[in-house]
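To be precise, the following lines are run.cif, and they hold mmCIF, C-alpha atoms.
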data_upload
#
loop_
_atom_site.label_atom_id
_atom_site.label_comp_id
_atom_site.auth_asym_id
_atom_site.auth_seq_id
_atom_site.Cartn_x
_atom_site.Cartn_y
_atom_site.Cartn_z
CA MET A 29 -3.63 6.48 -37.77
CA ARG A 30 -1.64 4.55 -40.37
CA ALA A 31 -1.11 0.85 -39.61
CA TYR A 32 1.52 -1.16 -41.49
CA PHE A 33 0.37 -4.80 -41.55
CA ASP A 34 2.59 -6.12 -44.35
CA HIS A 35 5.75 -7.22 -42.53
CA ASN A 36 5.97 -10.46 -44.53
CA ALA A 37 6.55 -8.36 -47.65
CA THR A 38 9.24 -6.31 -45.93
CA ALA A 39 9.85 -5.01 -42.43
CA PRO A 40 10.94 -1.46 -41.53
CA LEU A 41 14.68 -0.97 -41.10
CA ASP A 42 15.68 -1.19 -37.44
CA ALA A 43 17.28 1.96 -36.00
CA GLU A 44 20.29 -0.02 -34.73
CA VAL A 45 20.75 -1.53 -38.17
CA ARG A 46 20.63 1.88 -39.83
CA ALA A 47 23.22 3.24 -37.40
CA ALA A 48 25.56 0.29 -37.97
CA MET A 49 25.32 0.67 -41.73
CA ALA A 50 26.00 4.41 -41.58
CA ALA A 51 29.08 3.80 -39.41
CA CYS A 52 30.27 1.13 -41.84
CA GLU A 53 30.01 3.51 -44.80
CA GLU A 54 32.20 5.94 -42.87
CA GLU A 55 34.73 3.52 -41.42
CA SER A 56 34.77 0.39 -43.63
CA TYR A 57 34.14 1.72 -47.11
CA GLY A 58 36.89 -0.29 -48.81
CA ASN A 59 36.46 -3.26 -51.13
CA ALA A 60 36.57 -6.36 -48.92
CA ALA A 61 38.76 -8.10 -51.51
CA SER A 62 41.44 -5.38 -51.48
CA ARG A 63 44.68 -5.99 -49.59
CA HIS A 64 45.26 -2.48 -48.25
CA ALA A 65 44.17 -1.24 -44.81
CA GLU A 66 40.77 -0.02 -46.03
CA GLY A 67 40.12 -3.35 -47.71
CA ARG A 68 41.15 -5.28 -44.63
CA ALA A 69 38.79 -3.17 -42.48
CA ALA A 70 35.91 -4.00 -44.84
CA HIS A 71 36.85 -7.68 -44.81
CA GLU A 72 36.87 -7.74 -41.01
CA ALA A 73 33.46 -6.07 -40.93
CA VAL A 74 32.10 -8.74 -43.28
CA GLU A 75 33.50 -11.56 -41.15
CA ARG A 76 32.05 -10.10 -37.96
CA ALA A 77 28.65 -9.96 -39.64
CA ARG A 78 29.07 -13.50 -40.97
CA ALA A 79 29.60 -14.68 -37.41
CA GLN A 80 26.53 -12.75 -36.22
CA VAL A 81 24.30 -14.32 -38.87
CA ALA A 82 25.69 -17.75 -38.08
CA ARG A 83 25.06 -17.37 -34.33
CA ALA A 84 21.50 -16.19 -34.95
CA VAL A 85 20.59 -19.50 -36.61
CA ASN A 86 23.05 -21.87 -34.89
CA ALA A 87 25.25 -22.36 -37.93
CA ARG A 88 29.01 -22.04 -38.43
CA PRO A 89 30.40 -18.88 -40.03
CA GLU A 90 32.01 -20.88 -42.82
CA GLU A 91 28.52 -22.14 -43.76
CA VAL A 92 27.23 -18.59 -44.48
CA ILE A 93 27.32 -17.46 -48.13
CA PHE A 94 26.14 -13.89 -48.73
CA THR A 95 23.90 -13.21 -51.75
CA SER A 96 21.74 -10.32 -52.93
CA SER A 97 18.32 -11.79 -52.11
CA GLY A 98 16.32 -14.80 -51.03
CA THR A 99 15.51 -15.32 -54.69
CA GLU A 100 19.20 -15.52 -55.58
CA SER A 101 19.90 -17.87 -52.68
CA ASN A 102 17.09 -20.21 -53.72
CA ASN A 103 18.12 -20.17 -57.39
CA LEU A 104 21.77 -20.74 -56.48
CA LEU A 105 20.88 -23.77 -54.38
CA VAL A 106 18.21 -25.38 -56.58
CA LYS A 107 20.01 -24.90 -59.89
CA GLY A 108 23.45 -25.45 -58.38
CA VAL A 109 22.62 -28.79 -56.76
CA ALA A 110 20.80 -30.00 -59.89
CA ALA A 111 23.84 -29.14 -62.01
CA ARG A 112 26.20 -31.16 -59.82
CA SER A 113 23.97 -34.18 -59.13
CA THR A 114 23.63 -37.22 -61.35
CA LYS A 115 20.14 -37.79 -59.92
CA LYS A 116 17.28 -36.50 -62.02
CA VAL A 117 14.46 -35.33 -59.71
CA VAL A 118 14.04 -31.98 -57.93
CA ALA A 119 11.16 -32.25 -55.43
CA ALA A 120 9.54 -29.23 -53.81
CA SER A 121 6.22 -28.58 -52.11
CA GLY A 122 3.43 -27.01 -54.14
CA VAL A 123 3.31 -24.04 -51.75
CA GLU A 124 6.93 -22.92 -52.12
CA HIS A 125 7.83 -19.33 -52.94
CA PRO A 126 7.69 -18.71 -56.72
CA CYS A 127 11.48 -18.41 -56.91
CA VAL A 128 11.88 -22.03 -55.78
CA LEU A 129 9.11 -23.35 -58.04
CA CYS A 130 10.34 -21.37 -61.05
CA ALA A 131 13.93 -22.47 -60.47
CA ALA A 132 12.85 -26.11 -60.23
CA ARG A 133 10.80 -25.81 -63.44
CA ALA A 134 13.72 -24.11 -65.19
CA VAL A 135 15.96 -27.04 -64.24
CA ALA A 136 13.38 -29.46 -65.65
CA ASP A 137 13.09 -27.45 -68.87
CA GLY A 138 16.86 -27.31 -69.35
CA PRO A 139 19.35 -29.89 -70.59
CA GLY A 140 20.11 -33.06 -68.68
CA GLU A 141 16.70 -34.75 -68.48
CA LYS A 142 15.93 -33.35 -65.01
CA VAL A 143 12.39 -33.67 -63.63
CA PHE A 144 10.45 -31.37 -61.28
CA MET A 145 8.21 -33.22 -58.83
CA PRO A 146 5.69 -31.03 -56.91
CA LEU A 147 4.78 -32.42 -53.49
CA ALA A 148 1.18 -32.32 -52.30
CA VAL A 149 -0.05 -30.47 -49.21
CA ASP A 150 -3.21 -31.04 -47.20
CA ALA A 151 -6.10 -28.58 -46.75
CA GLU A 152 -4.12 -26.70 -44.09
CA GLY A 153 -1.07 -26.32 -46.32
CA VAL A 154 1.09 -28.96 -44.61
CA VAL A 155 3.26 -31.21 -46.78
CA GLU A 156 2.03 -34.79 -47.00
CA LEU A 157 4.77 -37.04 -45.57
CA ALA A 158 3.49 -39.95 -47.66
CA ASP A 159 4.07 -37.92 -50.82
CA VAL A 160 7.63 -37.14 -49.70
CA GLU A 161 8.30 -40.80 -48.91
CA ALA A 162 6.96 -41.83 -52.31
CA ALA A 163 9.27 -39.34 -54.02
CA LEU A 164 12.30 -40.50 -52.04
CA ALA A 165 11.54 -44.17 -52.70
CA SER A 166 12.61 -43.71 -56.30
CA GLY A 167 16.19 -43.16 -55.15
CA ASP A 168 16.60 -40.54 -57.87
CA VAL A 169 15.89 -37.29 -55.96
CA ALA A 170 18.73 -34.77 -56.21
CA LEU A 171 17.10 -32.22 -53.92
CA LEU A 172 14.14 -31.88 -51.58
CA SER A 173 13.11 -28.26 -50.91
CA VAL A 174 10.39 -27.45 -48.37
CA MET A 175 10.03 -24.00 -46.82
CA LEU A 176 10.08 -23.58 -43.05
CA ALA A 177 7.35 -20.91 -42.96
CA ASN A 178 5.01 -20.02 -45.80
CA ASN A 179 5.14 -16.38 -46.84
CA GLU A 180 1.39 -16.18 -47.55
CA SER A 181 -0.36 -18.40 -45.00
CA GLY A 182 2.35 -18.43 -42.32
CA VAL A 183 1.92 -22.23 -42.08
CA LEU A 184 4.97 -23.99 -40.62
CA GLN A 185 6.37 -27.25 -41.96
CA ASP A 186 8.02 -29.94 -39.82
CA VAL A 187 11.27 -29.55 -41.70
CA ALA A 188 13.25 -31.48 -39.10
CA ALA A 189 11.03 -34.54 -39.64
CA LEU A 190 11.37 -34.22 -43.41
CA ALA A 191 15.14 -33.92 -43.14
CA LYS A 192 15.27 -37.01 -40.94
CA LEU A 193 13.12 -38.91 -43.46
CA ALA A 194 15.43 -37.86 -46.29
CA ALA A 195 18.73 -38.39 -44.46
CA GLY A 196 21.24 -40.29 -46.57
CA ARG A 197 18.93 -40.24 -49.60
CA THR A 198 19.00 -36.66 -50.87
CA ALA A 199 20.09 -33.11 -50.10
CA VAL A 200 17.48 -31.09 -48.18
CA HIS A 201 16.93 -27.33 -48.44
CA THR A 202 14.54 -25.06 -46.58
CA ASP A 203 13.56 -21.49 -47.38
CA ALA A 204 13.51 -19.85 -43.93
CA ALA A 205 13.30 -16.25 -45.15
CA GLN A 206 9.98 -15.63 -43.36
CA ALA A 207 10.98 -17.36 -40.15
CA LEU A 208 13.94 -15.35 -38.83
CA GLY A 209 12.79 -13.07 -36.02
CA LYS A 210 9.33 -14.63 -35.79
CA ILE A 211 10.24 -18.08 -34.49
CA GLU A 212 13.45 -19.77 -33.38
CA VAL A 213 15.53 -20.83 -36.38
CA ASP A 214 18.17 -23.50 -35.69
CA PHE A 215 20.07 -24.71 -38.74
CA ALA A 216 21.83 -27.53 -36.91
CA ALA A 217 18.67 -28.79 -35.19
CA LEU A 218 16.66 -28.78 -38.43
CA GLY A 219 19.17 -31.20 -39.93
CA VAL A 220 18.98 -29.70 -43.42
CA ASP A 221 21.86 -29.29 -45.83
CA ALA A 222 21.01 -25.73 -46.85
CA MET A 223 18.79 -22.87 -45.70
CA THR A 224 17.84 -19.48 -47.16
CA LEU A 225 17.64 -16.24 -45.14
CA SER A 226 16.73 -12.70 -46.20
CA ALA A 227 17.71 -9.59 -44.23
CA HIS A 228 14.78 -7.32 -45.07
CA LYS A 229 12.24 -9.80 -43.71
CA ALA A 230 13.90 -9.36 -40.30
CA ARG A 231 14.23 -5.54 -40.15
CA GLY A 232 17.50 -5.52 -42.06
CA PRO A 233 18.32 -3.84 -45.38
CA LYS A 234 17.00 -4.90 -48.77
CA GLY A 235 19.46 -6.30 -51.28
CA ILE A 236 21.31 -8.67 -48.94
CA ALA A 237 20.58 -12.29 -47.99
CA ALA A 238 22.36 -15.53 -47.25
CA LEU A 239 22.46 -19.16 -48.20
CA ILE A 240 23.50 -21.29 -45.24
CA ALA A 241 25.04 -24.47 -46.64
CA LYS A 242 26.98 -27.37 -45.20
CA GLU A 243 30.52 -27.35 -46.53
CA GLU A 244 30.21 -30.89 -47.90
CA LEU A 245 27.18 -29.97 -50.03
CA GLU A 246 28.21 -29.73 -53.68
CA PHE A 247 26.53 -27.17 -55.93
CA ALA A 248 27.57 -25.09 -58.92
CA PRO A 249 27.70 -21.27 -58.87
CA LEU A 250 25.17 -19.34 -60.94
CA HIS A 251 27.83 -17.11 -62.48
CA ASP A 252 31.59 -16.82 -62.75
CA GLY A 253 33.77 -13.95 -61.64
CA GLY A 254 36.29 -12.95 -59.01
CA GLY A 255 35.70 -15.96 -56.78
CA GLN A 256 34.20 -14.21 -53.75
CA GLU A 257 32.32 -16.33 -51.18
CA LYS A 258 34.48 -19.39 -51.87
CA GLY A 259 33.75 -19.11 -55.58
CA LEU A 260 30.07 -19.83 -55.03
CA ARG A 261 28.87 -16.23 -55.33
CA SER A 262 31.29 -14.02 -57.21
CA GLY A 263 30.84 -10.25 -57.10
CA THR A 264 31.97 -7.30 -54.97
CA LEU A 265 30.53 -7.71 -51.50
CA ASN A 266 27.87 -5.28 -50.26
CA VAL A 267 29.77 -4.51 -47.06
CA ALA A 268 27.29 -2.07 -45.48
CA GLY A 269 24.37 -4.35 -46.32
CA ILE A 270 26.18 -7.34 -44.84
CA VAL A 271 26.95 -5.38 -41.66
CA GLY A 272 23.29 -4.38 -41.41
CA PHE A 273 22.25 -7.99 -41.92
CA GLY A 274 24.52 -9.10 -39.09
CA VAL A 275 22.99 -6.64 -36.63
CA ALA A 276 19.44 -7.40 -37.82
CA ALA A 277 19.97 -11.16 -37.45
CA GLU A 278 21.33 -10.73 -33.93
CA LEU A 279 18.39 -8.53 -32.89
CA ALA A 280 15.85 -10.80 -34.57
CA ALA A 281 17.08 -13.92 -32.78
CA ALA A 282 17.08 -12.12 -29.42
CA ARG A 283 13.52 -10.82 -29.87
CA ALA A 284 11.89 -13.87 -31.42
CA ALA A 285 10.47 -15.60 -28.33
CA ALA A 286 8.98 -12.59 -26.52
CA GLU A 287 7.87 -10.82 -29.69
CA GLY A 288 6.33 -14.01 -31.04
CA GLU A 289 4.23 -14.40 -27.89
CA ARG A 290 3.06 -10.78 -28.07
CA LEU A 291 2.14 -11.00 -31.74
CA ALA A 292 0.31 -14.29 -31.24
CA GLY A 293 -1.92 -12.54 -28.72
CA LEU A 294 -2.68 -9.73 -31.16
CA ARG A 295 -3.40 -12.24 -33.91
CA THR A 296 -5.87 -14.13 -31.72
CA ARG A 297 -7.77 -10.90 -31.08
CA LEU A 298 -7.76 -10.06 -34.77
CA GLU A 299 -8.96 -13.49 -35.89
CA GLU A 300 -11.78 -13.57 -33.35
CA ARG A 301 -13.25 -10.43 -34.91
CA LEU A 302 -12.62 -11.58 -38.47
CA ARG A 303 -14.44 -14.85 -37.82
CA ALA A 304 -17.28 -13.04 -36.09
CA ASP A 305 -17.71 -10.98 -39.26
CA GLY A 306 -17.83 -14.08 -41.46
CA ALA A 307 -14.24 -14.39 -42.67
CA THR A 308 -12.46 -17.65 -43.39
CA ILE A 309 -8.95 -18.04 -41.92
CA PHE A 310 -6.79 -20.10 -44.28
CA GLY A 311 -4.44 -22.61 -42.64
CA ALA A 312 -5.88 -21.95 -39.18
CA GLY A 313 -5.67 -25.62 -38.21
CA ALA A 314 -1.91 -25.79 -38.67
CA ALA A 315 0.99 -24.39 -36.69
CA ARG A 316 1.70 -20.92 -38.10
CA LEU A 317 3.96 -17.93 -37.74
CA PRO A 318 2.62 -15.94 -34.78
CA ASN A 319 2.30 -12.74 -36.81
CA THR A 320 0.42 -13.98 -39.88
CA THR A 321 -3.30 -14.15 -40.68
CA TYR A 322 -4.46 -15.16 -44.16
CA PHE A 323 -8.18 -14.55 -44.52
CA GLY A 324 -10.98 -13.95 -46.99
CA TYR A 325 -14.61 -12.89 -47.05
CA PRO A 326 -16.87 -14.89 -49.39
CA GLY A 327 -17.75 -12.89 -52.49
CA ILE A 328 -15.26 -10.06 -51.84
CA GLU A 329 -12.21 -9.80 -54.08
CA GLY A 330 -9.03 -9.67 -51.99
CA GLU A 331 -7.44 -7.10 -54.30
CA SER A 332 -10.43 -4.78 -53.90
CA LEU A 333 -10.42 -5.17 -50.12
CA VAL A 334 -6.69 -4.38 -49.97
CA VAL A 335 -7.28 -1.15 -51.92
CA MET A 336 -10.13 -0.10 -49.62
CA LEU A 337 -8.09 -0.90 -46.52
CA ASP A 338 -5.18 1.14 -47.88
CA GLN A 339 -7.50 4.11 -48.44
CA ASN A 340 -8.57 3.80 -44.81
CA GLY A 341 -5.07 3.68 -43.36
CA PHE A 342 -4.19 -0.03 -43.31
CA ALA A 343 -1.41 -1.60 -45.38
CA LEU A 344 -2.17 -5.28 -46.07
CA ALA A 345 -1.54 -7.57 -49.05
CA SER A 346 -3.55 -9.91 -51.24
CA GLY A 347 -0.77 -12.50 -51.30
CA SER A 348 2.96 -12.60 -51.97
CA ALA A 349 4.46 -9.22 -52.88
CA CYS A 350 6.69 -11.02 -55.38
CA ALA A 351 3.61 -12.14 -57.37
CA SER A 352 1.31 -9.16 -56.73
CA THR A 353 1.44 -7.87 -60.33
CA LYS A 354 0.25 -11.13 -61.91
CA ASN A 355 -3.41 -10.84 -60.85
CA GLU A 356 -3.68 -14.61 -60.55
CA PRO A 357 -5.25 -16.59 -57.69
CA SER A 358 -2.80 -17.69 -55.00
CA HIS A 359 -0.96 -20.89 -55.99
CA VAL A 360 -0.64 -21.59 -52.26
CA LEU A 361 -4.41 -21.67 -51.73
CA LEU A 362 -4.99 -23.64 -54.93
CA ALA A 363 -2.49 -26.24 -53.68
CA MET A 364 -4.46 -26.35 -50.40
CA GLY A 365 -7.59 -27.32 -52.33
CA CYS A 366 -9.34 -23.94 -52.46
CA THR A 367 -11.32 -22.99 -55.54
CA GLU A 368 -10.14 -20.11 -57.72
CA GLU A 369 -13.05 -18.05 -56.38
CA GLN A 370 -11.99 -18.70 -52.77
CA ALA A 371 -8.33 -18.00 -53.60
CA ARG A 372 -9.22 -14.63 -55.10
CA THR A 373 -10.72 -13.49 -51.78
CA ALA A 374 -7.41 -13.86 -49.93
CA VAL A 375 -5.91 -11.03 -47.89
CA ARG A 376 -2.74 -11.35 -45.80
CA CYS A 377 -2.21 -9.46 -42.57
CA SER A 378 1.32 -9.74 -41.17
CA LEU A 379 2.04 -7.96 -37.91
CA GLY A 380 5.36 -6.65 -36.66
CA LEU A 381 7.25 -4.77 -33.98
CA GLU A 382 5.21 -1.57 -34.42
CA SER A 383 1.83 -3.35 -34.37
CA ASP A 384 -0.27 -2.80 -31.26
CA ALA A 385 -3.69 -3.53 -29.83
CA GLU A 386 -5.13 -0.19 -30.91
CA GLN A 387 -4.21 -0.83 -34.55
CA VAL A 388 -5.61 -4.34 -34.43
#
Could you spell out this file's structure in structure tokens?
Amino acid sequence: MRAYFDHNATAPLDAEVRAAMAACEEESYGNAASRHAEGRAAHEAVERARAQVARAVNARPEEVIFTSSGTESNNLLVKGVAARSTKKVVAASGVEHPCVLCAARAVADGPGEKVFMPLAVDAEGVVELADVEAALASGDVALLSVMLANNESGVLQDVAALAKLAAGRTAVHTDAAQALGKIEVDFAALGVDAMTLSAHKARGPKGIAALIAKEELEFAPLHDGGGQEKGLRSGTLNVAGIVGFGVAAELAAARAAAEGERLAGLRTRLEERLRADGATIFGAGAARLPNTTYFGYPGIEGESLVVMLDQNGFALASGSACASTKNEPSHVLLAMGCTEEQARTAVRCSLGLESDAEQV
């Protein structure tokens, strides 16, 4: 038996998504910017997918901007807002994905006297509201970025409460790449100005993502070119990838409630055994994604345990796949107050559609 327990790194491509992409390559292979019949067919396919993605997260199609990845979406938003704003501070939680933290630090290191302000989290990984209020009180925050679901711990943030707190004072962004398909994601209800999605986290193709942004939000593009995506993301559109994303988003939204309940049951069974064997579950006291368990055994290196598990048929991770080559303790766990020794024990198990009781 081979068990794939690393769905937070990437999820297998859904069969319906694969079929839709194959059909697109046959029927809508034109450049979506071309004015001939083939180009118009590609453009129509893109707009259908844009509407699908929008419906999946209760946004409007005109708010969906297609990009190549969650990393690009986050960089576009963080750097773009900072470039347009006269305010000096970019505030983000200390447990954000590296692409948000690195983008915020790059803004602070660049011209314009911008400042990066990391926001504290408690021992469960939840952002301290008092820290957010203190940051906002300065009146100089250009952007507040707090992820909806953490990619390592699975801990959920009350983004709607943060957005309400920040209303009228700063733009608010949330990285929701890990949330789509695992919990309900409602852009309008969250009250944020921008949100990041990534197709491959929700059984769609790699290399395609979206930034959902209110039309009144002002931000600069990362690069110049042909003016695609309202001039905010120039470049020839990945039509087949976009079509696959549309189908994946639709399926993910439809499955989220029932699949979340099923996975939560499997996770409970898993964590009962882990605790019985002496493991620590990180972030267990907070609301979490139903599929994610972040655990560690005292004195056992997480990297070593992941290798041994792989040799025995189980694919897990020792943290974020995007930072797996750095061999550094998890910045998420360090922000939660863990020691470096504790952080180095961490192993992430993220369940998915193929996961079942026998594997667990």
Exercise for the section: Could you tell me which residues the PyMOL selection byres ((chain A and resi 338-348) around 8) returns for this structure, as a ChimeraX atom specification? Expected result: /A:29-34,37,179-180,330-331,334-337,349-352,358,374-378
Practice task
Can you pull out every residue within 7 Å of region 228-233 of chain A, counting only C-alpha atoms, but drop anything in the same chain fewer than 5 positions away, and send it as a list in words?
Solution key: Asn36, Thr38, Ala39, Pro40, Leu41, Asp42, Val45, Ala205, Gln206, Leu208, Gly209, Gly269, Gly272, Phe273, Ala276, Ala277 and Ala280 of chain A
Exercise for the section: Kindly indicate which residue among A:Leu260, A:Ala315, A:Ala73, A:Ala191 lies nearest to Glu161 (chain A), using all atoms listed in the file for the distances. Expected result: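 Result for the nearest residue to Glu161 (chain A): A:Ala191.
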Exercise for the section: For Ser56 (chain A), please output as a VMD selection string all residues within 7 Å (counting all atoms listed in the file; exclusion window: fewer than 4 positions along the same chain). Expected result: chain A and resid 52 66 69 to 70
Practice task
Could you expand the PyMOL selection byres ((chain A and resi 262) around 12) into the explicit residues it covers here, written as a list in words?
Solution key: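 So the PyMOL selection byres ((chain A and resi 262) around 12) ends up selecting Ala61, Ile93, Phe94, Thr95, Ser96, Leu104, Ala248, Pro249, Leu250, His251, Asp252, Gly253, Gly254, Gly255, Gln256, Glu257, Lys258, Gly259, Leu260, Arg261, Gly263, Thr264, Leu265 and Asn266 of chain A.
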Practice task
Could you check which of A:Glu44, A:Glu212, A:Asp384, A:Glu100 is closest to Leu176 (chain A), using all atoms listed in the file?
Solution key: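 Selected residue with least distance to Leu176 (chain A): A:Glu212.
Contact shell of Arg112 (chain A) at 12 Å (all atoms listed in the file; same-chain neighbours under 5 positions omitted): Leu104, Leu105, Val106, Lys107, Val135, Gly140, Lys142, Ala170, Leu171, Ala199, Leu245, Glu246, Phe247, Ala248, Pro249 and Leu250 of chain A.
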Exercise for the section: Grab the CA of Val183 (chain A) to CA of Ile240 (chain A) distance for me, in Å with one decimal place. Expected result: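 Atom-to-atom, CA of Val183 (chain A) to CA of Ile240 (chain A), that is 21.8 Å.
When all atoms listed in the file are used to measure the gap to Leu184 (chain A), the shortest distance among A:Ala43, A:Leu279, A:Ala65, A:Val155 belongs to A:Val155.
Minimum atom-to-atom distances from A:Ala136, A:Cys130, A:Ala162, A:Ile270 to Val117 (chain A) were compared using only C-alpha atoms, and the lowest value belongs to A:Ala136.
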Practice task
Measure the distance from CA of Ala238 (chain A) to CA of Ala131 (chain A) in Å and round it to one decimal.
Solution key: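 It comes out at 17.1 Å.
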Report the centre and edge lengths, in Å to one decimal, of an axis-aligned box enclosing every atom of region 252-258 of chain A listed in the file, padded by 8 Å on each side, as AutoDock Vina command-line options.
--center_x 33.9 --center_y -16.2 --center_z -57.0 --size_x 20.7 --size_y 22.4 --size_z 27.6
Practice task
Would you list the contacts of Val388 (chain A) as a PyMOL selection string, taking every protein, DNA or RNA residue within 9 Å and counting all atoms listed in the file, but skipping same-chain residues closer than 4 positions in sequence?
Solution key: chain A and resi 31+294-295+297-298+383-384
Exercise for the section: For the file shown, report as a list in words the outcome of the PyMOL selection byres ((chain A and resi 167) around 10) at residue level. Expected result: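 For this structure, the PyMOL selection byres ((chain A and resi 167) around 10) resolves to Lys115, Lys116, Val117, Ala162, Ala163, Leu164, Ala165, Ser166, Asp168, Val169, Ala170, Arg197 and Thr198 of chain A.
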Problem - Pairwise distance for CA of Gly122 (chain A) and CA of Glu368 (chain A), rounded to one decimal in Å - result: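 A separation of 15.6 Å between them.
For the choices A:Thr308, A:Thr321, A:Ser101, A:Asn86, the atom-to-atom distance to Ala292 (chain A) is smallest for A:Thr321 when using all atoms listed in the file.
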Practice task
Go through A:Ala195, A:Ala222, A:Val275, A:Val85 one by one, measure the shortest atom-to-atom distance of each to Ala207 (chain A) using all atoms listed in the file, and give the residue with the smallest value.
Solution key: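 Looking at the shortest contact to Ala207 (chain A), the residue is A:Val85.
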Problem - Neighbours of point (-11.3, -23.5, -42.6) within 12 Å, using all atoms listed in the file, written as an MDAnalysis selection string - result: chainID A and resid 150:153 303 306:314 322:325 361 364:366 370
Problem - Test item: which residues lie within 6 Å of (30.4, -0.5, -44.1) counting all atoms listed in the file, as a ChimeraX atom specification - result: /A:49,52-53,56-57,267-268
Who sits within 6 Å of Arg372 (chain A), all atoms listed in the file, same chain under 3 positions skipped, as a PDB file with C-alpha atoms, in the frame of the given file:
ATOM      1  CA  GLU A 329     -12.210  -9.800 -54.080  1.00  0.00           C
ATOM      2  CA  GLY A 330      -9.030  -9.670 -51.990  1.00  0.00           C
ATOM      3  CA  PRO A 357      -5.250 -16.590 -57.690  1.00  0.00           C
ATOM      4  CA  GLU A 369     -13.050 -18.050 -56.380  1.00  0.00           C
TER       5      GLU A 369
END
